[in-house]
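One file, entry-v4.cif, carrying mmCIF, C-alpha atoms and all ligand atoms:
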```cif
data_protein
#
loop_
_atom_site.label_atom_id
_atom_site.label_comp_id
_atom_site.auth_asym_id
_atom_site.auth_seq_id
_atom_site.Cartn_x
_atom_site.Cartn_y
_atom_site.Cartn_z
CA MET A 553 32.59 -3.65 -59.19
CA LYS A 554 29.29 -2.48 -57.71
CA VAL A 555 26.66 -5.05 -56.76
CA SER A 556 24.17 -3.06 -58.86
CA GLN A 557 26.45 -3.46 -61.91
CA ILE A 558 26.71 -7.21 -61.27
CA LYS A 559 22.93 -7.35 -61.06
CA GLU A 560 22.62 -5.76 -64.51
CA LYS A 561 25.40 -7.80 -66.11
CA LEU A 562 24.17 -11.17 -64.87
CA ASN A 563 20.50 -10.29 -65.09
CA LEU A 564 19.81 -11.03 -61.42
CA GLU A 565 16.71 -9.97 -59.52
CA TYR A 566 16.96 -7.76 -56.43
CA VAL A 567 15.05 -9.10 -53.43
CA VAL A 568 16.70 -6.69 -51.01
CA GLN A 569 18.06 -3.66 -52.78
CA SER A 570 21.21 -2.08 -51.44
CA ASP A 571 24.57 -1.37 -53.02
CA ASN A 572 28.09 -2.34 -52.04
CA GLU A 573 31.48 -2.75 -53.66
CA ALA A 574 32.33 -6.38 -54.49
CA VAL A 575 35.81 -7.60 -55.32
CA SER A 576 35.69 -11.36 -54.86
CA GLY A 577 33.28 -14.26 -54.71
CA TYR A 578 32.60 -17.54 -52.96
CA ALA A 579 30.15 -20.42 -53.35
CA SER A 580 29.14 -22.89 -50.64
CA ASP A 581 26.06 -23.86 -48.64
CA LEU A 582 28.00 -24.80 -45.51
CA LEU A 583 27.93 -21.73 -43.28
CA SER A 584 31.14 -22.36 -41.34
CA VAL A 585 33.02 -23.13 -44.52
CA VAL A 586 31.88 -19.82 -45.94
CA MET A 587 32.94 -17.96 -42.80
CA GLY A 588 36.31 -19.65 -42.81
CA LYS A 589 37.11 -19.14 -46.48
CA VAL A 590 35.30 -16.13 -47.88
CA LYS A 591 37.32 -12.97 -48.49
CA PRO A 592 35.88 -9.64 -47.32
CA GLN A 593 33.73 -7.81 -49.89
CA SER A 594 32.67 -10.99 -51.64
CA VAL A 595 29.55 -12.02 -53.48
CA TRP A 596 28.24 -15.21 -51.86
CA LEU A 597 26.45 -17.77 -54.04
CA THR A 598 24.21 -20.21 -52.16
CA VAL A 599 20.88 -22.03 -52.13
CA GLN A 600 20.37 -21.49 -48.40
CA THR A 601 17.34 -19.28 -47.77
CA HIS A 602 16.92 -19.00 -44.00
CA LYS A 603 17.63 -16.03 -41.78
CA ASN A 604 21.03 -17.18 -40.55
CA ILE A 605 22.58 -16.39 -43.95
CA VAL A 606 22.16 -12.70 -43.11
CA ALA A 607 24.12 -13.12 -39.88
CA VAL A 608 26.86 -15.01 -41.75
CA ALA A 609 27.02 -12.25 -44.37
CA LYS A 610 27.20 -9.60 -41.66
CA MET A 611 29.98 -11.31 -39.66
CA ALA A 612 32.08 -12.12 -42.74
CA ASP A 613 31.76 -8.68 -44.41
CA ILE A 614 30.01 -10.18 -47.43
CA SER A 615 28.90 -7.61 -50.03
CA ALA A 616 25.86 -9.46 -51.40
CA ILE A 617 24.05 -12.79 -51.18
CA VAL A 618 22.99 -14.36 -54.47
CA ILE A 619 20.42 -17.13 -54.03
CA CYS A 620 20.66 -19.41 -57.05
CA ASP A 621 18.64 -22.20 -58.69
CA GLY A 622 15.29 -20.47 -58.33
CA PHE A 623 15.15 -20.52 -54.54
CA SER A 624 13.70 -17.56 -52.65
CA PRO A 625 14.70 -16.22 -49.24
CA ASP A 626 12.29 -16.69 -46.32
CA ASP A 627 10.28 -13.62 -45.29
CA ASP A 628 12.26 -13.13 -42.08
CA THR A 629 15.49 -13.42 -44.10
CA VAL A 630 14.35 -10.50 -46.24
CA GLU A 631 13.41 -8.51 -43.15
CA ALA A 632 16.79 -9.14 -41.50
CA ALA A 633 18.69 -8.22 -44.66
CA GLN A 634 16.76 -4.96 -44.99
CA LYS A 635 17.58 -4.09 -41.41
CA GLU A 636 21.27 -4.88 -41.90
CA ASN A 637 21.41 -3.30 -45.34
CA ILE A 638 22.76 -6.46 -46.99
CA PRO A 639 21.71 -6.91 -50.62
CA ILE A 640 20.02 -10.18 -51.57
CA LEU A 641 19.62 -11.12 -55.21
CA LYS A 642 18.12 -14.18 -56.82
CA THR A 643 18.28 -16.05 -60.08
CA ASP A 644 16.92 -19.21 -61.72
CA LYS A 645 20.42 -20.02 -62.95
CA GLY A 646 22.59 -22.49 -61.06
CA VAL A 647 25.55 -21.72 -58.81
CA PHE A 648 28.02 -23.07 -61.39
CA GLU A 649 26.75 -20.84 -64.15
CA ILE A 650 26.59 -17.70 -62.02
CA ALA A 651 30.08 -18.35 -60.67
CA GLY A 652 31.36 -18.66 -64.23
CA MET A 653 29.71 -15.41 -65.29
CA LEU A 654 31.08 -13.58 -62.25
CA TYR A 655 34.57 -14.88 -62.93
CA GLU A 656 34.32 -13.76 -66.57
CA SER A 657 33.31 -10.29 -65.48
CA GLY A 658 36.45 -9.93 -63.36
CA ILE A 659 35.22 -10.97 -59.90
CA ARG A 660 37.89 -13.44 -58.78
CA MET B 303 38.43 4.72 -24.85
CA THR B 304 37.73 3.02 -21.56
CA THR B 305 36.85 -0.62 -21.11
CA ILE B 306 33.47 -1.66 -22.47
CA GLU B 307 31.76 -4.75 -21.10
CA LEU B 308 28.92 -6.45 -22.93
CA ASP B 309 26.71 -9.35 -21.86
CA PHE B 310 24.25 -11.15 -24.13
CA GLU B 311 21.95 -14.07 -23.47
CA ILE B 312 22.03 -17.02 -25.88
CA LYS B 313 18.92 -19.16 -26.24
CA HIS B 314 19.33 -22.83 -27.15
CA ASN B 315 17.49 -23.85 -30.34
CA ASP B 316 16.24 -20.33 -31.00
CA PHE B 317 17.27 -19.95 -34.64
CA ASP B 318 15.29 -16.76 -34.90
CA ARG B 319 17.49 -14.91 -32.44
CA ALA B 320 20.61 -16.89 -33.29
CA GLY B 321 23.53 -14.61 -34.01
CA SER B 322 22.07 -11.62 -32.18
CA ALA B 323 24.87 -11.56 -29.58
CA SER B 324 27.60 -11.47 -32.22
CA SER B 325 25.61 -8.98 -34.21
CA GLY B 326 25.42 -6.68 -31.18
CA LEU B 327 29.12 -7.13 -30.55
CA LYS B 328 29.89 -6.19 -34.16
CA ASN B 329 27.75 -3.05 -33.95
CA THR B 330 29.63 -1.88 -30.85
CA LEU B 331 33.07 -2.59 -32.33
CA LYS B 332 32.14 -0.71 -35.49
CA GLN B 333 30.85 2.24 -33.50
CA ILE B 334 34.06 2.63 -31.52
CA GLY B 335 36.16 2.39 -34.66
CA TYR B 336 37.91 -0.97 -34.39
CA PRO B 337 39.61 -1.88 -37.71
CA PRO B 338 37.34 -3.96 -40.00
CA ASP B 339 39.78 -6.87 -40.39
CA ILE B 340 40.09 -7.23 -36.62
CA ILE B 341 36.32 -6.94 -36.19
CA LYS B 342 35.83 -9.74 -38.71
CA ARG B 343 38.16 -12.07 -36.80
CA ILE B 344 36.36 -11.33 -33.53
CA VAL B 345 32.79 -11.66 -34.75
CA VAL B 346 33.36 -14.72 -36.95
CA SER B 347 34.76 -16.39 -33.83
CA SER B 348 31.99 -15.19 -31.55
CA TYR B 349 29.33 -16.24 -34.07
CA GLU B 350 30.79 -19.76 -34.27
CA ALA B 351 30.86 -20.03 -30.47
CA GLU B 352 27.37 -18.56 -30.18
CA MET B 353 25.94 -20.93 -32.79
CA ASN B 354 27.51 -23.90 -31.03
CA VAL B 355 25.50 -22.98 -27.94
CA VAL B 356 22.33 -22.59 -30.03
CA VAL B 357 22.89 -25.87 -31.90
CA HIS B 358 24.62 -28.22 -29.46
CA ALA B 359 24.22 -26.98 -25.89
CA SER B 360 21.63 -25.23 -23.71
CA ASP B 361 21.01 -21.62 -22.75
CA GLY B 362 24.15 -19.59 -22.26
CA HIS B 363 25.85 -16.22 -22.28
CA LEU B 364 28.29 -14.31 -24.41
CA ARG B 365 30.40 -11.80 -22.54
CA ALA B 366 32.87 -9.44 -24.17
CA VAL B 367 35.42 -7.13 -22.62
CA ILE B 368 36.62 -4.54 -25.10
CA THR B 369 39.73 -2.47 -24.47
CA PRO B 370 41.69 -0.31 -26.92
CA ASP B 371 44.20 -3.17 -27.38
CA GLU B 372 42.15 -6.36 -27.40
CA VAL B 373 38.78 -8.00 -27.20
CA HIS B 374 38.25 -10.85 -24.77
CA VAL B 375 35.16 -13.00 -25.41
CA THR B 376 33.75 -15.68 -23.14
CA VAL B 377 30.90 -17.91 -24.30
CA LYS B 378 29.52 -20.15 -21.61
CA ASP B 379 26.68 -22.67 -21.60
CA ASN B 380 25.02 -25.02 -19.10
CA GLY B 381 25.69 -28.35 -20.73
CA PRO B 382 25.76 -31.10 -21.84
CA GLY B 383 29.49 -30.51 -22.36
CA ILE B 384 31.89 -32.01 -24.89
CA GLU B 385 33.15 -35.58 -24.34
CA ASN B 386 36.39 -35.11 -26.21
CA VAL B 387 37.50 -31.53 -26.82
CA GLU B 388 40.56 -32.54 -28.83
CA MET B 389 38.32 -34.43 -31.25
CA ALA B 390 35.83 -31.54 -31.41
CA MET B 391 38.63 -29.17 -32.44
CA LYS B 392 39.38 -31.26 -35.55
CA GLU B 393 38.23 -29.98 -38.93
CA GLY B 394 35.19 -31.91 -40.12
CA TYR B 395 34.20 -33.40 -36.77
CA SER B 396 30.52 -32.76 -36.08
CA THR B 397 27.64 -34.33 -34.18
CA ALA B 398 25.07 -31.92 -35.68
CA PRO B 399 21.74 -33.64 -36.33
CA GLU B 400 20.32 -33.87 -39.86
CA ARG B 401 17.67 -31.14 -39.47
CA ILE B 402 20.43 -28.70 -38.52
CA ARG B 403 22.73 -29.80 -41.33
CA GLU B 404 19.95 -28.90 -43.74
CA LEU B 405 20.37 -25.30 -42.62
CA GLY B 406 24.05 -25.42 -43.52
CA PHE B 407 25.46 -26.03 -40.06
CA GLY B 408 27.48 -29.12 -39.18
CA ALA B 409 30.53 -28.81 -41.40
CA GLY B 410 32.66 -29.31 -38.30
CA MET B 411 34.51 -26.08 -39.04
CA GLY B 412 33.26 -23.86 -36.21
CA LEU B 413 35.90 -24.53 -33.56
CA PRO B 414 38.71 -24.68 -36.18
CA ASN B 415 37.54 -21.28 -37.46
CA ILE B 416 37.77 -19.86 -33.95
CA LYS B 417 41.26 -21.29 -33.56
CA LYS B 418 42.36 -19.74 -36.83
CA ASN B 419 40.97 -16.27 -36.10
CA THR B 420 42.05 -15.75 -32.50
CA ASP B 421 45.33 -15.02 -30.72
CA GLU B 422 44.43 -17.07 -27.66
CA LEU B 423 41.81 -19.78 -27.27
CA LYS B 424 40.74 -21.91 -24.32
CA VAL B 425 37.98 -24.50 -24.57
CA GLU B 426 37.00 -25.93 -21.22
CA SER B 427 34.27 -28.50 -21.04
CA PHE B 428 32.78 -30.74 -18.41
CA VAL B 429 30.11 -33.38 -18.97
CA PRO B 430 27.31 -32.68 -18.13
CA THR B 431 27.77 -29.21 -16.64
CA GLY B 432 28.84 -27.28 -19.70
CA THR B 433 31.37 -25.64 -21.97
CA THR B 434 33.28 -22.38 -21.81
CA VAL B 435 34.93 -21.03 -24.95
CA ASP B 436 37.26 -18.20 -24.08
CA PHE B 437 39.28 -16.26 -26.62
CA ILE B 438 41.26 -13.09 -27.17
CA VAL B 439 41.86 -11.17 -30.38
CA ARG B 440 44.52 -8.48 -30.19
CA ARG B 441 44.46 -5.33 -32.20
CA SER B 442 48.14 -5.31 -32.97
CA ASN B 443 49.35 -8.48 -34.67
CA GLY B 444 50.25 -10.82 -31.89
N1 LIG C 1 28.97 -25.58 -26.73
C1 LIG C 1 28.98 -26.88 -27.07
N2 LIG C 1 28.31 -27.80 -26.32
C2 LIG C 1 28.33 -29.11 -26.66
N3 LIG C 1 28.98 -29.61 -27.72
C3 LIG C 1 29.68 -28.75 -28.49
C4 LIG C 1 29.71 -27.35 -28.21
N4 LIG C 1 30.50 -26.76 -29.14
C5 LIG C 1 30.93 -27.73 -29.95
N5 LIG C 1 30.45 -28.94 -29.57
C6 LIG C 1 30.75 -30.26 -30.19
O1 LIG C 1 31.90 -30.12 -31.00
C7 LIG C 1 31.61 -30.46 -32.35
C8 LIG C 1 32.43 -29.60 -33.29
O2 LIG C 1 32.03 -28.23 -33.20
P1 LIG C 1 32.27 -27.27 -34.46
O3 LIG C 1 31.71 -25.94 -34.14
O4 LIG C 1 33.69 -27.34 -34.85
O5 LIG C 1 31.42 -27.97 -35.62
P2 LIG C 1 29.83 -28.03 -35.78
O6 LIG C 1 29.17 -27.04 -34.88
O7 LIG C 1 29.38 -29.44 -35.63
O8 LIG C 1 29.64 -27.59 -37.31
P3 LIG C 1 29.84 -26.11 -37.87
O9 LIG C 1 30.35 -25.25 -36.77
O10 LIG C 1 30.80 -26.25 -38.99
O11 LIG C 1 28.48 -25.67 -38.32
C9 LIG C 1 30.10 -30.29 -32.48
O12 LIG C 1 29.54 -31.07 -33.51
C10 LIG C 1 29.64 -30.77 -31.09
O13 LIG C 1 29.65 -32.17 -31.01
MG MG C 2 29.81 -25.09 -34.82
#
```

Can you dump the structure from the file as structure tokens?
Ligand SMILES: Nc1ncnc2c1ncn2[C@@H]1O[C@H](COP(=O)(O)OP(=O)(O)OP(=O)(O)O)[C@@H](O)[C@H]1O
Ligand SMILES: [Mg+2]
Amino acid sequence: MKVSQIKEKLNLEYVVQSDNEAVSGYASDLLSVVMGKVKPQSVWLTVQTHKNIVAVAKMADISAIVICDGFSPDDDTVEAAQKENIPILKTDKGVFEIAGMLYESGIR
Amino acid sequence: MTTIELDFEIKHNDFDRAGSASSGLKNTLKQIGYPPDIIKRIVVSSYEAEMNVVVHASDGHLRAVITPDEVHVTVKDNGPGIENVEMAMKEGYSTAPERIRELGFGAGMGLPNIKKNTDELKVESFVPTGTTVDFIVRRSNG
């Protein structure tokens, strides 16, 4: 599924707009756990907002970062994601709820 | 393709630049057409080693030697070294301070991730002179 389709389905807000194919998902705020466990082309759910999440997404071939629970990425995070062409989306909903909705929509 | 050698500086505690060495390495590997799954194993490992220098050590260097068959990465810092390398290699072992844990580091999974993703790994450390993390990822399954 396209990140843009996920955005529409789950009513997420684009902070950094870019499109990618996403086939799986992962949720954690511990960066090394994410890098060790996440499958390529995943949507990553987190509440981390600092610039290093862009590097993690880049190294681990993550398709999109979804920042949950109403948090917003730092300005330099947005800048880095634009440069690397990594979509960042945000939502007021919690990680649990977004993960459930993603799972329902076929992202496993 | 001939051999490509890269050398990046790593600055301790500079979270703004953190990851730039691994990012540069990834860009090069992508450009020369290394397979994505191999690239991921290399740069996840180099990022973990790079971040350990940023978080736990001092200034350092990341050097990479890229050949058609393998990538050899050496990450070296100037101290303070690791007391007990065997302990540090264990999943969940971390001495990361609280302010760094708040950023999501400190799960104690960095070195285990490197182990898992590489074909050869050597961690050499001396207190207080420094640590060298040296690994190879081969292009064919090895
Ligand atoms: N270059 C280094 N210099 C000094 N100590 C290090 C270095 N690399 C690792 N260590 C020590 O080894 C421990 C384990 O490292 P590891 O990368 O596995 O976990 P971490 O960095 O604490 O957390 P994570 O990588 O999951 O964010 C560190 O907490 C630190 O005590
Ligand atoms: Mg680490």

Residue list for chain A near chain B as a ChimeraX atom specification, 8 Å, all atoms listed in the file | /A:581-585,587-588,600,602-604,607,610-613

Please write the residues from the selection above to a file, keeping C-alpha atoms, as a compact mmCIF listing (two decimals), in the coordinates of the input.
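Full text of result.txt as output:
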```txt
# COMPACT_ATOMS: atom_id res chain seq x y z
CA ASP A 581 26.06 -23.86 -48.64
CA LEU A 582 28.00 -24.80 -45.51
CA LEU A 583 27.93 -21.73 -43.28
CA SER A 584 31.14 -22.36 -41.34
CA VAL A 585 33.02 -23.13 -44.52
CA MET A 587 32.94 -17.96 -42.80
CA GLY A 588 36.31 -19.65 -42.81
CA GLN A 600 20.37 -21.49 -48.40
CA HIS A 602 16.92 -19.00 -44.00
CA LYS A 603 17.63 -16.03 -41.78
CA ASN A 604 21.03 -17.18 -40.55
CA ALA A 607 24.12 -13.12 -39.88
CA LYS A 610 27.20 -9.60 -41.66
CA MET A 611 29.98 -11.31 -39.66
CA ALA A 612 32.08 -12.12 -42.74
CA ASP A 613 31.76 -8.68 -44.41
```

For the contact check between chain B and ligand LIG 1 (chain C), emit one row per residue of chain B within 9 Å, containing the shortest atom pair and the distance in Å rounded to one decimal, counting all atoms listed in the file, chain then rising number order, as a tab-separated table.
```
residue	atom	partner	partner_atom	distance
B:Glu350	CA	C:LIG1	O9	6.0
B:Ala351	CA	C:LIG1	N4	6.9
B:Glu352	CA	C:LIG1	N1	8.0
B:Met353	CA	C:LIG1	O6	7.2
B:Asn354	CA	C:LIG1	N4	4.5
B:Val355	CA	C:LIG1	N1	4.5
B:Val356	CA	C:LIG1	N1	8.0
B:Val357	CA	C:LIG1	O6	7.0
B:His358	CA	C:LIG1	C2	4.7
B:Ala359	CA	C:LIG1	N2	4.2
B:Ser360	CA	C:LIG1	N2	7.6
B:Gly362	CA	C:LIG1	N1	8.9
B:Val377	CA	C:LIG1	N1	8.3
B:Lys378	CA	C:LIG1	N1	7.5
B:Asp379	CA	C:LIG1	N1	6.3
B:Asn380	CA	C:LIG1	N2	8.4
B:Gly381	CA	C:LIG1	N2	6.2
B:Pro382	CA	C:LIG1	C2	5.8
B:Gly383	CA	C:LIG1	C2	4.7
B:Ile384	CA	C:LIG1	N3	4.7
B:Glu385	CA	C:LIG1	N3	8.0
B:Asn386	CA	C:LIG1	O1	8.2
B:Val387	CA	C:LIG1	O1	7.1
B:Met389	CA	C:LIG1	O1	7.7
B:Ala390	CA	C:LIG1	O1	4.2
B:Met391	CA	C:LIG1	O4	5.8
B:Lys392	CA	C:LIG1	O4	6.9
B:Glu393	CA	C:LIG1	O4	6.7
B:Gly394	CA	C:LIG1	O5	7.1
B:Tyr395	CA	C:LIG1	C8	5.4
B:Ser396	CA	C:LIG1	O12	3.2
B:Thr397	CA	C:LIG1	O12	3.8
B:Ala398	CA	C:LIG1	O7	5.0
B:Pro399	CA	C:LIG1	O12	8.7
B:Ile402	CA	C:LIG1	O11	8.6
B:Arg403	CA	C:LIG1	O11	7.7
B:Gly406	CA	C:LIG1	O11	6.8
B:Phe407	CA	C:LIG1	O11	3.5
B:Gly408	CA	C:LIG1	O8	3.2
B:Ala409	CA	C:LIG1	O10	3.5
B:Gly410	CA	C:LIG1	O5	3.2
B:Met411	CA	C:LIG1	O10	3.7
B:Gly412	CA	C:LIG1	O9	3.3
B:Leu413	CA	C:LIG1	O4	3.8
B:Pro414	CA	C:LIG1	O4	5.8
B:Asn415	CA	C:LIG1	O4	7.6
B:Ile416	CA	C:LIG1	O4	8.6
B:Ser427	CA	C:LIG1	N2	8.0
B:Val429	CA	C:LIG1	C2	9.0
B:Gly432	CA	C:LIG1	N2	6.7
B:Thr433	CA	C:LIG1	N1	5.3
B:Thr434	CA	C:LIG1	N1	7.3
B:Val435	CA	C:LIG1	N1	7.7
```

Could you give me, as a PyMOL selection string, the residues within 10 Å of Gln634 in chain A, counting only C-alpha atoms and dropping anything in the same chain fewer than 6 positions from it?
-> chain A and resi 567-570+606+628+640

Using all atoms listed in the file - which residues lie no farther than 12 Å from the point (24.4, -15.4, -64.7) in the file's frame? Write them as a JSON list (two decimals) with C-alpha atoms, in the frame of the given file.
```json
[["chain", "number", "residue", "atom", "x", "y", "z"],
["A", 558, "ILE", "CA", 26.71, -7.21, -61.27],
["A", 559, "LYS", "CA", 22.93, -7.35, -61.06],
["A", 560, "GLU", "CA", 22.62, -5.76, -64.51],
["A", 561, "LYS", "CA", 25.40, -7.80, -66.11],
["A", 562, "LEU", "CA", 24.17, -11.17, -64.87],
["A", 563, "ASN", "CA", 20.50, -10.29, -65.09],
["A", 564, "LEU", "CA", 19.81, -11.03, -61.42],
["A", 565, "GLU", "CA", 16.71, -9.97, -59.52],
["A", 597, "LEU", "CA", 26.45, -17.77, -54.04],
["A", 618, "VAL", "CA", 22.99, -14.36, -54.47],
["A", 619, "ILE", "CA", 20.42, -17.13, -54.03],
["A", 620, "CYS", "CA", 20.66, -19.41, -57.05],
["A", 621, "ASP", "CA", 18.64, -22.20, -58.69],
["A", 641, "LEU", "CA", 19.62, -11.12, -55.21],
["A", 642, "LYS", "CA", 18.12, -14.18, -56.82],
["A", 643, "THR", "CA", 18.28, -16.05, -60.08],
["A", 644, "ASP", "CA", 16.92, -19.21, -61.72],
["A", 645, "LYS", "CA", 20.42, -20.02, -62.95],
["A", 646, "GLY", "CA", 22.59, -22.49, -61.06],
["A", 647, "VAL", "CA", 25.55, -21.72, -58.81],
["A", 648, "PHE", "CA", 28.02, -23.07, -61.39],
["A", 649, "GLU", "CA", 26.75, -20.84, -64.15],
["A", 650, "ILE", "CA", 26.59, -17.70, -62.02],
["A", 651, "ALA", "CA", 30.08, -18.35, -60.67],
["A", 652, "GLY", "CA", 31.36, -18.66, -64.23],
["A", 653, "MET", "CA", 29.71, -15.41, -65.29],
["A", 654, "LEU", "CA", 31.08, -13.58, -62.25],
["A", 655, "TYR", "CA", 34.57, -14.88, -62.93],
["A", 656, "GLU", "CA", 34.32, -13.76, -66.57],
["A", 657, "SER", "CA", 33.31, -10.29, -65.48]]
```

Would you kindly return, as a VMD selection string, each protein, DNA or RNA residue with an atom no farther than 10 Å from any atom of Ala609 in chain A, considering all atoms listed in the file and excluding same-chain residues fewer than 3 positions away?
-> chain A and resid 583 586 to 587 590 592 to 596 604 to 606 612 to 617 633 636 638 to 639

Selection export as a tab-separated table (two decimals), in the coordinates of the input, atoms kept: C-alpha atoms:
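Writing the result to again.tsv gives the following:
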```
chain	number	residue	atom	x	y	z
A	583	LEU	CA	27.93	-21.73	-43.28
A	586	VAL	CA	31.88	-19.82	-45.94
A	587	MET	CA	32.94	-17.96	-42.80
A	590	VAL	CA	35.30	-16.13	-47.88
A	592	PRO	CA	35.88	-9.64	-47.32
A	593	GLN	CA	33.73	-7.81	-49.89
A	594	SER	CA	32.67	-10.99	-51.64
A	595	VAL	CA	29.55	-12.02	-53.48
A	596	TRP	CA	28.24	-15.21	-51.86
A	604	ASN	CA	21.03	-17.18	-40.55
A	605	ILE	CA	22.58	-16.39	-43.95
A	606	VAL	CA	22.16	-12.70	-43.11
A	612	ALA	CA	32.08	-12.12	-42.74
A	613	ASP	CA	31.76	-8.68	-44.41
A	614	ILE	CA	30.01	-10.18	-47.43
A	615	SER	CA	28.90	-7.61	-50.03
A	616	ALA	CA	25.86	-9.46	-51.40
A	617	ILE	CA	24.05	-12.79	-51.18
A	633	ALA	CA	18.69	-8.22	-44.66
A	636	GLU	CA	21.27	-4.88	-41.90
A	638	ILE	CA	22.76	-6.46	-46.99
A	639	PRO	CA	21.71	-6.91	-50.62
```

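Using all atoms listed in the file for every distance, the candidate list B:Ile312, B:Ile340, B:Val439, B:Ala323 yields B:Val439 as the residue closest to His374 in chain B.
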
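The two atoms in question, CA of Ile438 in chain B and CA of Leu364 in chain B, are spaced 13.3 Å apart.
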
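Counting only C-alpha atoms and comparing A:Gln557, A:Tyr566, A:Gly577, A:Ser624, the residue that lies closest to Val599 in chain A is A:Ser624.
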
Separating CA of Glu307 in chain B from CA of Ala632 in chain A, to the nearest tenth of an Å, is a gap of 25.7 Å

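The spacing separating CA of Asn329 in chain B from CA of Asp309 in chain B amounts to 13.7 Å.
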
Taking all atoms of range 625-635 of chain A that appear in the file, build a box with edges along x, y and z, extend it by 3 Å on every side, and state its centre and edge lengths in Å to one decimal, as lines of an AutoDock Vina configuration file.
```
center_x = 14.5
center_y = -10.4
center_z = -45.3
size_x = 14.4
size_y = 18.6
size_z = 13.8
```
